[in-house]
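Dumped protein26.cif below, it's mmCIF, C-alpha atoms, pLDDT in the B column; chains and numbers go by the auth columns:
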```cif
data_run
#
loop_
_atom_site.group_PDB
_atom_site.id
_atom_site.type_symbol
_atom_site.label_atom_id
_atom_site.label_comp_id
_atom_site.label_asym_id
_atom_site.label_seq_id
_atom_site.Cartn_x
_atom_site.Cartn_y
_atom_site.Cartn_z
_atom_site.B_iso_or_equiv
_atom_site.auth_seq_id
_atom_site.auth_asym_id
ATOM 1 C CA MET A 1 26.354 -13.390 13.035 92.00 1 A
ATOM 2 C CA VAL A 2 26.529 -15.162 16.383 94.00 2 A
ATOM 3 C CA TYR A 3 28.527 -18.336 16.851 94.00 3 A
ATOM 4 C CA ILE A 4 28.102 -20.699 19.785 88.00 4 A
ATOM 5 C CA ILE A 5 31.043 -23.036 20.296 90.00 5 A
ATOM 6 C CA LEU A 6 30.321 -26.112 22.375 85.00 6 A
ATOM 7 C CA GLU A 7 32.317 -29.140 23.395 86.00 7 A
ATOM 8 C CA TYR A 8 31.373 -32.270 21.440 88.00 8 A
ATOM 9 C CA VAL A 9 30.835 -35.114 23.891 88.00 9 A
ATOM 10 C CA THR A 10 30.923 -38.476 22.148 87.00 10 A
ATOM 11 C CA GLY A 11 29.988 -40.848 24.969 85.00 11 A
ATOM 12 C CA GLY A 12 26.243 -40.165 25.028 89.00 12 A
ATOM 13 C CA LEU A 13 24.000 -39.780 28.050 94.00 13 A
ATOM 14 C CA LEU A 14 24.612 -41.112 31.535 95.00 14 A
ATOM 15 C CA PHE A 15 21.036 -42.401 31.226 95.00 15 A
ATOM 16 C CA ASP A 16 22.134 -44.671 28.362 94.00 16 A
ATOM 17 C CA VAL A 17 25.138 -45.891 30.350 94.00 17 A
ATOM 18 C CA CYS A 18 22.833 -46.817 33.230 95.00 18 A
ATOM 19 C CA GLN A 19 20.425 -48.526 30.849 94.00 19 A
ATOM 20 C CA THR A 20 23.276 -50.598 29.430 94.00 20 A
ATOM 21 C CA LEU A 21 25.112 -51.477 32.645 94.00 21 A
ATOM 22 C CA GLY A 22 22.238 -51.556 35.117 93.00 22 A
ATOM 23 C CA GLY A 23 23.177 -51.103 38.753 94.00 23 A
ATOM 24 C CA MET A 24 26.877 -50.306 39.036 95.00 24 A
ATOM 25 C CA GLY A 25 27.121 -50.885 42.756 95.00 25 A
ATOM 26 C CA GLU A 26 28.578 -48.667 45.427 96.00 26 A
ATOM 27 C CA GLU A 27 31.972 -48.351 43.759 95.00 27 A
ATOM 28 C CA GLY A 28 30.330 -47.017 40.605 96.00 28 A
ATOM 29 C CA GLY A 29 28.281 -44.684 42.774 96.00 29 A
ATOM 30 C CA LYS A 30 31.381 -43.283 44.461 96.00 30 A
ATOM 31 C CA TYR A 31 33.048 -42.766 41.089 96.00 31 A
ATOM 32 C CA PHE A 32 30.220 -40.717 39.624 97.00 32 A
ATOM 33 C CA LEU A 33 29.241 -38.936 42.835 97.00 33 A
ATOM 34 C CA SER A 34 32.795 -37.630 43.254 95.00 34 A
ATOM 35 C CA GLN A 35 32.411 -35.935 39.874 96.00 35 A
ATOM 36 C CA MET A 36 28.917 -34.666 40.634 97.00 36 A
ATOM 37 C CA LEU A 37 30.222 -33.056 43.817 97.00 37 A
ATOM 38 C CA ASP A 38 32.851 -31.232 41.751 97.00 38 A
ATOM 39 C CA VAL A 39 30.085 -30.040 39.430 96.00 39 A
ATOM 40 C CA LEU A 40 27.886 -28.863 42.293 97.00 40 A
ATOM 41 C CA GLN A 41 30.761 -27.154 44.061 97.00 41 A
ATOM 42 C CA TYR A 42 31.694 -25.197 40.950 97.00 42 A
ATOM 43 C CA MET A 43 28.125 -24.376 39.930 97.00 43 A
ATOM 44 C CA HIS A 44 26.879 -23.449 43.387 98.00 44 A
ATOM 45 C CA GLY A 45 30.118 -21.587 44.039 97.00 45 A
ATOM 46 C CA LYS A 46 29.162 -19.340 41.129 97.00 46 A
ATOM 47 C CA GLY A 47 25.710 -18.818 42.644 97.00 47 A
ATOM 48 C CA VAL A 48 23.959 -20.930 40.008 98.00 48 A
ATOM 49 C CA VAL A 49 21.468 -23.735 40.654 98.00 49 A
ATOM 50 C CA HIS A 50 20.462 -26.208 37.943 98.00 50 A
ATOM 51 C CA ARG A 51 16.978 -27.346 39.093 97.00 51 A
ATOM 52 C CA ASP A 52 16.743 -30.209 36.593 97.00 52 A
ATOM 53 C CA LEU A 53 19.601 -32.548 37.389 98.00 53 A
ATOM 54 C CA LYS A 54 18.844 -36.002 36.009 98.00 54 A
ATOM 55 C CA LEU A 55 20.535 -38.800 34.096 97.00 55 A
ATOM 56 C CA GLU A 56 19.173 -37.467 30.819 97.00 56 A
ATOM 57 C CA ASN A 57 20.893 -34.098 31.393 97.00 57 A
ATOM 58 C CA ILE A 58 24.336 -35.550 32.087 97.00 58 A
ATOM 59 C CA LEU A 59 26.680 -36.475 29.260 96.00 59 A
ATOM 60 C CA VAL A 60 29.714 -38.726 29.501 95.00 60 A
ATOM 61 C CA ASP A 61 32.810 -38.562 27.348 93.00 61 A
ATOM 62 C CA ASP A 62 34.840 -41.540 26.144 91.00 62 A
ATOM 63 C CA PHE A 63 36.682 -41.674 29.468 92.00 63 A
ATOM 64 C CA MET A 64 33.590 -41.655 31.716 93.00 64 A
ATOM 65 C CA ASN A 65 33.958 -37.989 32.642 94.00 65 A
ATOM 66 C CA LEU A 66 30.649 -36.278 33.397 95.00 66 A
ATOM 67 C CA LYS A 67 29.428 -33.163 31.607 94.00 67 A
ATOM 68 C CA VAL A 68 26.252 -31.598 33.010 96.00 68 A
ATOM 69 C CA ALA A 69 24.044 -30.078 30.311 94.00 69 A
ATOM 70 C CA ASP A 70 20.671 -28.402 29.739 94.00 70 A
ATOM 71 C CA PHE A 71 20.624 -25.336 31.962 95.00 71 A
ATOM 72 C CA GLY A 72 17.167 -24.321 30.732 94.00 72 A
ATOM 73 C CA PHE A 73 15.750 -24.300 34.285 96.00 73 A
ATOM 74 C CA ALA A 74 18.904 -22.929 35.898 97.00 74 A
ATOM 75 C CA THR A 75 18.908 -19.597 37.695 97.00 75 A
ATOM 76 C CA PHE A 76 21.238 -17.310 39.607 96.00 76 A
ATOM 77 C CA ARG A 77 18.575 -15.054 41.130 93.00 77 A
ATOM 78 C CA LYS A 78 17.449 -15.494 44.732 95.00 78 A
ATOM 79 C CA VAL A 79 18.678 -19.095 44.664 96.00 79 A
ATOM 80 C CA HIS A 80 17.911 -19.632 48.361 97.00 80 A
ATOM 81 C CA ALA A 81 14.297 -18.452 48.073 97.00 81 A
ATOM 82 C CA LEU A 82 12.817 -19.821 44.858 97.00 82 A
ATOM 83 C CA LYS A 83 9.159 -20.489 44.090 95.00 83 A
ATOM 84 C CA SER A 84 8.946 -21.611 40.447 95.00 84 A
ATOM 85 C CA TYR A 85 7.792 -25.156 39.698 96.00 85 A
ATOM 86 C CA ARG A 86 10.807 -26.575 37.894 95.00 86 A
ATOM 87 C CA GLY A 87 12.352 -29.989 37.364 95.00 87 A
ATOM 88 C CA THR A 88 11.397 -33.520 36.393 97.00 88 A
ATOM 89 C CA MET A 89 8.836 -35.464 38.405 96.00 89 A
ATOM 90 C CA THR A 90 10.940 -38.467 39.463 97.00 90 A
ATOM 91 C CA TYR A 91 13.958 -36.347 40.457 98.00 91 A
ATOM 92 C CA MET A 92 12.085 -33.444 42.030 97.00 92 A
ATOM 93 C CA ALA A 93 12.379 -32.538 45.710 98.00 93 A
ATOM 94 C CA PRO A 94 9.135 -32.591 47.755 97.00 94 A
ATOM 95 C CA GLU A 95 9.181 -28.887 48.558 97.00 95 A
ATOM 96 C CA ILE A 96 8.827 -28.030 44.865 97.00 96 A
ATOM 97 C CA LYS A 97 5.888 -30.411 44.459 95.00 97 A
ATOM 98 C CA GLU A 98 4.175 -28.822 47.465 96.00 98 A
ATOM 99 C CA GLY A 99 4.561 -25.282 46.134 95.00 99 A
ATOM 100 C CA LYS A 100 6.809 -24.126 48.965 96.00 100 A
ATOM 101 C CA THR A 101 9.583 -21.549 48.782 97.00 101 A
ATOM 102 C CA TYR A 102 12.735 -23.606 48.377 97.00 102 A
ATOM 103 C CA ASP A 103 16.525 -23.447 48.383 97.00 103 A
ATOM 104 C CA GLY A 104 17.836 -24.234 44.905 97.00 104 A
ATOM 105 C CA MET A 105 21.009 -25.776 46.262 98.00 105 A
ATOM 106 C CA ALA A 106 19.026 -28.142 48.490 98.00 106 A
ATOM 107 C CA ILE A 107 16.859 -29.326 45.611 98.00 107 A
ATOM 108 C CA ASP A 108 19.939 -29.926 43.447 98.00 108 A
ATOM 109 C CA MET A 109 21.244 -32.124 46.254 98.00 109 A
ATOM 110 C CA PHE A 110 17.989 -34.087 46.350 98.00 110 A
ATOM 111 C CA SER A 111 18.146 -34.727 42.602 98.00 111 A
ATOM 112 C CA THR A 112 21.775 -35.795 42.939 98.00 112 A
ATOM 113 C CA GLY A 113 20.631 -38.347 45.516 98.00 113 A
ATOM 114 C CA VAL A 114 18.154 -39.807 43.026 98.00 114 A
ATOM 115 C CA ILE A 115 20.901 -39.987 40.402 98.00 115 A
ATOM 116 C CA LEU A 116 23.243 -41.700 42.856 98.00 116 A
ATOM 117 C CA PHE A 117 20.611 -44.272 43.830 98.00 117 A
ATOM 118 C CA ILE A 118 19.940 -45.194 40.193 98.00 118 A
ATOM 119 C CA ILE A 119 23.651 -45.555 39.459 97.00 119 A
ATOM 120 C CA VAL A 120 24.112 -47.873 42.433 97.00 120 A
ATOM 121 C CA GLN A 121 20.898 -49.900 42.218 97.00 121 A
ATOM 122 C CA GLY A 122 19.815 -49.573 38.594 96.00 122 A
ATOM 123 C CA ILE A 123 16.278 -48.525 39.577 97.00 123 A
ATOM 124 C CA PHE A 124 14.517 -45.374 40.773 97.00 124 A
ATOM 125 C CA PRO A 125 14.275 -44.993 44.561 98.00 125 A
ATOM 126 C CA PHE A 126 10.593 -43.967 44.276 98.00 126 A
ATOM 127 C CA LYS A 127 8.159 -42.747 41.642 97.00 127 A
ATOM 128 C CA GLU A 128 7.771 -39.328 43.245 96.00 128 A
ATOM 129 C CA ALA A 129 8.923 -37.720 46.482 97.00 129 A
ATOM 130 C CA LYS A 130 5.390 -37.319 47.814 96.00 130 A
ATOM 131 C CA LYS A 131 3.974 -38.237 51.200 95.00 131 A
ATOM 132 C CA ASP A 132 1.399 -40.571 49.656 95.00 132 A
ATOM 133 C CA GLU A 133 3.860 -42.382 47.372 97.00 133 A
ATOM 134 C CA PHE A 134 4.527 -45.880 48.754 97.00 134 A
ATOM 135 C CA PHE A 135 8.337 -45.936 48.678 98.00 135 A
ATOM 136 C CA TYR A 136 8.954 -42.338 49.737 98.00 136 A
ATOM 137 C CA ASN A 137 6.407 -42.749 52.515 97.00 137 A
ATOM 138 C CA LEU A 138 8.437 -45.662 53.886 98.00 138 A
ATOM 139 C CA ILE A 139 11.407 -43.300 54.155 98.00 139 A
ATOM 140 C CA LEU A 140 9.322 -40.607 55.828 97.00 140 A
ATOM 141 C CA LYS A 141 7.932 -43.104 58.353 96.00 141 A
ATOM 142 C CA GLY A 142 11.411 -44.409 59.080 96.00 142 A
ATOM 143 C CA ASP A 143 10.429 -47.921 57.992 97.00 143 A
ATOM 144 C CA LEU A 144 13.814 -48.384 56.369 97.00 144 A
ATOM 145 C CA ASP A 145 14.018 -52.158 56.729 97.00 145 A
ATOM 146 C CA THR A 146 10.937 -52.486 54.542 97.00 146 A
ATOM 147 C CA TYR A 147 12.202 -49.822 52.152 98.00 147 A
ATOM 148 C CA TRP A 148 15.523 -51.557 51.556 98.00 148 A
ATOM 149 C CA LYS A 149 13.833 -54.926 51.235 97.00 149 A
ATOM 150 C CA LYS A 150 11.388 -53.581 48.639 96.00 150 A
ATOM 151 C CA THR A 151 14.165 -51.877 46.652 96.00 151 A
ATOM 152 C CA GLY A 152 16.573 -54.817 46.829 95.00 152 A
ATOM 153 C CA GLY A 153 19.103 -52.929 48.893 94.00 153 A
ATOM 154 C CA GLN A 154 19.489 -55.249 51.869 93.00 154 A
ATOM 155 C CA ASN A 155 23.156 -55.896 51.072 95.00 155 A
ATOM 156 C CA LEU A 156 24.139 -52.257 50.604 97.00 156 A
ATOM 157 C CA SER A 157 26.525 -50.848 53.197 96.00 157 A
ATOM 158 C CA SER A 158 25.132 -49.065 56.229 97.00 158 A
ATOM 159 C CA GLU A 159 27.257 -46.032 55.288 97.00 159 A
ATOM 160 C CA PHE A 160 25.647 -45.768 51.855 97.00 160 A
ATOM 161 C CA LYS A 161 22.172 -46.199 53.295 98.00 161 A
ATOM 162 C CA ASP A 162 22.802 -43.454 55.837 98.00 162 A
ATOM 163 C CA LEU A 163 24.053 -41.010 53.213 98.00 163 A
ATOM 164 C CA ILE A 164 21.320 -41.592 50.657 98.00 164 A
ATOM 165 C CA ILE A 165 18.509 -41.309 53.216 98.00 165 A
ATOM 166 C CA ARG A 166 20.000 -38.013 54.361 98.00 166 A
ATOM 167 C CA MET A 167 20.039 -36.786 50.752 98.00 167 A
ATOM 168 C CA PHE A 168 16.361 -37.748 50.468 98.00 168 A
ATOM 169 C CA SER A 169 15.380 -35.737 53.563 98.00 169 A
ATOM 170 C CA TYR A 170 11.917 -34.211 53.349 97.00 170 A
ATOM 171 C CA ASP A 171 13.289 -31.066 54.994 97.00 171 A
ATOM 172 C CA GLY A 172 15.770 -29.467 52.594 96.00 172 A
ATOM 173 C CA THR A 173 17.735 -27.906 55.467 97.00 173 A
ATOM 174 C CA LYS A 174 18.589 -31.402 56.731 97.00 174 A
ATOM 175 C CA ARG A 175 20.199 -32.578 53.492 98.00 175 A
ATOM 176 C CA PRO A 176 23.992 -32.769 53.672 97.00 176 A
ATOM 177 C CA SER A 177 26.150 -30.086 52.139 96.00 177 A
ATOM 178 C CA ILE A 178 28.844 -30.865 49.582 97.00 178 A
ATOM 179 C CA ALA A 179 31.495 -30.683 52.309 96.00 179 A
ATOM 180 C CA GLU A 180 29.476 -32.983 54.562 97.00 180 A
ATOM 181 C CA ILE A 181 29.127 -35.566 51.796 97.00 181 A
ATOM 182 C CA ARG A 182 32.852 -35.476 51.074 95.00 182 A
ATOM 183 C CA ALA A 183 33.509 -36.035 54.795 96.00 183 A
ATOM 184 C CA HIS A 184 30.858 -38.759 55.154 96.00 184 A
ATOM 185 C CA PRO A 185 32.313 -42.207 55.971 95.00 185 A
ATOM 186 C CA TRP A 186 30.951 -43.641 52.710 96.00 186 A
ATOM 187 C CA MET A 187 32.906 -41.136 50.597 93.00 187 A
ATOM 188 C CA ALA A 188 35.857 -40.599 52.921 89.00 188 A
ATOM 189 C CA SER A 189 36.788 -44.281 53.009 80.00 189 A
ATOM 190 C CA GLY A 190 38.842 -43.849 49.849 76.00 190 A
ATOM 191 C CA VAL A 191 38.363 -45.451 46.477 80.00 191 A
ATOM 192 C CA ASP A 192 40.463 -46.271 43.409 87.00 192 A
ATOM 193 C CA LEU A 193 38.726 -43.966 40.947 88.00 193 A
ATOM 194 C CA LYS A 194 41.044 -44.855 38.061 91.00 194 A
ATOM 195 C CA GLY A 195 40.495 -48.544 38.664 93.00 195 A
ATOM 196 C CA ILE A 196 36.727 -48.145 38.788 93.00 196 A
ATOM 197 C CA ARG A 197 36.728 -46.092 35.592 92.00 197 A
ATOM 198 C CA SER A 198 38.768 -48.760 33.825 94.00 198 A
ATOM 199 C CA GLN A 199 36.361 -51.468 34.957 94.00 199 A
ATOM 200 C CA LEU A 200 33.301 -49.451 33.931 93.00 200 A
ATOM 201 C CA LEU A 201 34.776 -48.803 30.491 93.00 201 A
ATOM 202 C CA ASP A 202 35.532 -52.508 30.064 93.00 202 A
ATOM 203 C CA ASP A 203 32.029 -53.479 31.169 92.00 203 A
ATOM 204 C CA LEU A 204 30.452 -50.927 28.838 91.00 204 A
ATOM 205 C CA SER A 205 32.555 -52.050 25.895 90.00 205 A
ATOM 206 C CA GLU A 206 31.617 -55.674 26.509 91.00 206 A
ATOM 207 C CA LYS A 207 27.905 -54.897 26.802 88.00 207 A
ATOM 208 C CA ARG A 208 27.914 -52.841 23.604 85.00 208 A
ATOM 209 C CA SER A 209 29.930 -55.283 21.533 79.00 209 A
#
```
Please express the file's structure as structure tokens.
Amino acid sequence: MVYIILEYVTGGLLFDVCQTLGGMGEEGGKYFLSQMLDVLQYMHGKGVVHRDLKLENILVDDFMNLKVADFGFATFRKVHALKSYRGTMTYMAPEIKEGKTYDGMAIDMFSTGVILFIIVQGIFPFKEAKKDEFFYNLILKGDLDTYWKKTGGQNLSSEFKDLIIRMFSYDGTKRPSIAEIRAHPWMASGVDLKGIRSQLLDDLSEKRS
């Protein structure tokens, strides 16, 4: 007989948390991104790429700690030169959609950018990362004033806007590394993670009551 012992995570999906709370603002984004960077650093440090990072594949425990799940598309073989069509449409990097050879770590970073945007704004940044998709095309053209106006992000900080646009880069080699994100002014400015967690838990409890 074979037994598989797994951690039981009682808090549900990060997707459900986002559905309940809506946009959590930049502070909420920093809180969850700091954890996602820890996940990516550990996973990529082991030579593993996930290839299907999305809100529905991230669990949260009762203390708002993230637990990444569903490694069905993950691989540890030739992670910097992959060709398989893997992922979920709205989170998928453009190089996968176009059938190019891609770096698994770069596409995980792209998906993390989509996750971060949803946490902050409460909406998807675009329907698909394709050249002919209206919102992603605005990014590619550099028409960022229109993009932020259309997505309701006019009041977001310039530091956040800079980071997220870099994470959405069409060219995977131009996306920031984990170390570069940690050093980016938006993340390096410091944040009270415990305070944010407490506020998020209070907000979630109030919404669910």
> Just so the selection is clear, what residues does the PyMOL selection byres ((chain A and resi 50-66) around 7) cover here, as a count of residues only?
Replying inline: 29
>> Report as an MDAnalysis selection string all protein, DNA and RNA residues lying within 7 Å of segment 182-189 of chain A, evaluated on all atoms listed in the file, omitting residues in the same chain fewer than 3 positions from it.
In response: chainID A and resid 30 159:160 178:179
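Atom CA of Asp203 of chain A lies 28.4 Å from atom CA of Met167 of chain A.
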Show which residues sit within 9 Å of Met24 of chain A, as a JSON list (two decimals) with C-alpha atoms, keeping the file's coordinate frame. Count only C-alpha atoms, and ignore same-chain residues fewer than 5 positions away.
```
[["chain", "number", "residue", "atom", "x", "y", "z"],
["A", 18, "CYS", "CA", 22.83, -46.82, 33.23],
["A", 29, "GLY", "CA", 28.28, -44.68, 42.77],
["A", 118, "ILE", "CA", 19.94, -45.19, 40.19],
["A", 119, "ILE", "CA", 23.65, -45.56, 39.46],
["A", 120, "VAL", "CA", 24.11, -47.87, 42.43],
["A", 121, "GLN", "CA", 20.90, -49.90, 42.22],
["A", 122, "GLY", "CA", 19.82, -49.57, 38.59],
["A", 200, "LEU", "CA", 33.30, -49.45, 33.93]]
```
> Can you list, as a PyMOL selection string, every protein, DNA or RNA residue that comes within 12 Å of Gly152 of chain A when you count all atoms listed in the file, leaving out same-chain residues fewer than 2 positions away?
Replying inline: chain A and resi 23+25+117+120-125+144-150+154-156
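Comparing A:Thr101, A:Ser34, A:Thr90, A:Ser158 by their smallest distance to Lys130 of chain A, the closest is A:Thr90 (using all atoms listed in the file).
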>> Since I can't run it myself right now, could you work out what the PyMOL selection byres ((chain A and resi 169) around 12) selects here and report it as a count of residues only?
In response: 33
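For the atom pair formed by atom CA of Leu33 of chain A and atom CA of Ile181 of chain A, the distance is 9.6 Å, given to one decimal.
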> What does the distance between atom CA of Phe126 of chain A and atom CA of Lys161 of chain A come to in Å, to one decimal place?
Replying inline: 14.8 Å
> Any idea what's packed within 10 Å of Lys100 of chain A, counting all atoms listed in the file, ignoring anything in its chain fewer than 3 positions away? Could you give it as an NGL selection string?
Replying inline: :A and (81-85 or 94-97 or 103)
Output, as AutoDock Vina command-line options, the centre and edge lengths in Å (one decimal) of the axis-aligned box that contains all listed atoms of segment 107-110 of chain A with 6 Å of margin on each side.
```
--center_x 19.1 --center_y -31.7 --center_z 44.9 --size_x 16.4 --size_y 16.8 --size_z 14.9
```
>> Given the PyMOL selection byres ((chain A and resi 208) around 12) and the file above, list the residues it selects as an MDAnalysis selection string.
In response: chainID A and resid 16:17 19:21 201:207 209
Incomplete segment 80-95 of chain A brought to N, CA, C and O atoms, written out as a PDB file, keeping the file's coordinate frame:
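Saved file result29.pdb follows:
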```pdb
ATOM      1  N   HIS A  80      18.288 -19.035  47.084  1.00 97.00           N
ATOM      2  CA  HIS A  80      17.911 -19.632  48.361  1.00 97.00           C
ATOM      3  C   HIS A  80      16.444 -19.391  48.714  1.00 97.00           C
ATOM      4  O   HIS A  80      15.982 -19.820  49.774  1.00 97.00           O
ATOM      5  N   ALA A  81      15.721 -18.727  47.818  1.00 97.00           N
ATOM      6  CA  ALA A  81      14.297 -18.452  48.073  1.00 97.00           C
ATOM      7  C   ALA A  81      13.537 -18.470  46.748  1.00 97.00           C
ATOM      8  O   ALA A  81      13.033 -17.455  46.277  1.00 97.00           O
ATOM      9  N   LEU A  82      13.453 -19.660  46.154  1.00 97.00           N
ATOM     10  CA  LEU A  82      12.817 -19.821  44.858  1.00 97.00           C
ATOM     11  C   LEU A  82      11.390 -20.336  45.016  1.00 97.00           C
ATOM     12  O   LEU A  82      11.066 -21.001  46.003  1.00 97.00           O
ATOM     13  N   LYS A  83      10.563 -20.076  44.014  1.00 95.00           N
ATOM     14  CA  LYS A  83       9.159 -20.489  44.090  1.00 95.00           C
ATOM     15  C   LYS A  83       8.679 -21.193  42.821  1.00 95.00           C
ATOM     16  O   LYS A  83       7.643 -21.855  42.849  1.00 95.00           O
ATOM     17  N   SER A  84       9.400 -21.058  41.724  1.00 95.00           N
ATOM     18  CA  SER A  84       8.946 -21.611  40.447  1.00 95.00           C
ATOM     19  C   SER A  84       8.922 -23.132  40.465  1.00 95.00           C
ATOM     20  O   SER A  84       9.799 -23.780  41.038  1.00 95.00           O
ATOM     21  N   TYR A  85       7.909 -23.703  39.816  1.00 96.00           N
ATOM     22  CA  TYR A  85       7.792 -25.156  39.698  1.00 96.00           C
ATOM     23  C   TYR A  85       8.694 -25.604  38.552  1.00 96.00           C
ATOM     24  O   TYR A  85       8.382 -25.395  37.380  1.00 96.00           O
ATOM     25  N   ARG A  86       9.813 -26.172  38.895  1.00 95.00           N
ATOM     26  CA  ARG A  86      10.807 -26.575  37.894  1.00 95.00           C
ATOM     27  C   ARG A  86      11.330 -27.973  38.211  1.00 95.00           C
ATOM     28  O   ARG A  86      11.379 -28.376  39.372  1.00 95.00           O
ATOM     29  N   GLY A  87      11.734 -28.694  37.163  1.00 95.00           N
ATOM     30  CA  GLY A  87      12.352 -29.989  37.364  1.00 95.00           C
ATOM     31  C   GLY A  87      11.605 -31.103  36.659  1.00 95.00           C
ATOM     32  O   GLY A  87      10.701 -30.871  35.856  1.00 95.00           O
ATOM     33  N   THR A  88      11.990 -32.323  36.970  1.00 97.00           N
ATOM     34  CA  THR A  88      11.397 -33.520  36.393  1.00 97.00           C
ATOM     35  C   THR A  88      10.827 -34.377  37.518  1.00 97.00           C
ATOM     36  O   THR A  88      11.505 -34.606  38.525  1.00 97.00           O
ATOM     37  N   MET A  89       9.625 -34.848  37.346  1.00 96.00           N
ATOM     38  CA  MET A  89       8.836 -35.464  38.405  1.00 96.00           C
ATOM     39  C   MET A  89       9.622 -36.440  39.284  1.00 96.00           C
ATOM     40  O   MET A  89       9.605 -36.332  40.515  1.00 96.00           O
ATOM     41  N   THR A  90      10.300 -37.411  38.681  1.00 97.00           N
ATOM     42  CA  THR A  90      10.940 -38.467  39.463  1.00 97.00           C
ATOM     43  C   THR A  90      12.192 -38.014  40.190  1.00 97.00           C
ATOM     44  O   THR A  90      12.669 -38.712  41.089  1.00 97.00           O
ATOM     45  N   TYR A  91      12.738 -36.866  39.833  1.00 98.00           N
ATOM     46  CA  TYR A  91      13.958 -36.347  40.457  1.00 98.00           C
ATOM     47  C   TYR A  91      13.670 -35.142  41.358  1.00 98.00           C
ATOM     48  O   TYR A  91      14.575 -34.613  41.998  1.00 98.00           O
ATOM     49  N   MET A  92      12.447 -34.716  41.413  1.00 97.00           N
ATOM     50  CA  MET A  92      12.085 -33.444  42.030  1.00 97.00           C
ATOM     51  C   MET A  92      11.931 -33.550  43.547  1.00 97.00           C
ATOM     52  O   MET A  92      11.313 -34.472  44.058  1.00 97.00           O
ATOM     53  N   ALA A  93      12.477 -32.577  44.251  1.00 98.00           N
ATOM     54  CA  ALA A  93      12.379 -32.538  45.710  1.00 98.00           C
ATOM     55  C   ALA A  93      10.938 -32.250  46.138  1.00 98.00           C
ATOM     56  O   ALA A  93      10.192 -31.572  45.434  1.00 98.00           O
ATOM     57  N   PRO A  94      10.534 -32.746  47.312  1.00 97.00           N
ATOM     58  CA  PRO A  94       9.135 -32.591  47.755  1.00 97.00           C
ATOM     59  C   PRO A  94       8.692 -31.154  47.927  1.00 97.00           C
ATOM     60  O   PRO A  94       7.517 -30.834  47.697  1.00 97.00           O
ATOM     61  N   GLU A  95       9.605 -30.262  48.323  1.00 97.00           N
ATOM     62  CA  GLU A  95       9.181 -28.887  48.558  1.00 97.00           C
ATOM     63  C   GLU A  95       8.742 -28.182  47.273  1.00 97.00           C
ATOM     64  O   GLU A  95       7.916 -27.273  47.309  1.00 97.00           O
TER      65      GLU A  95
END
```
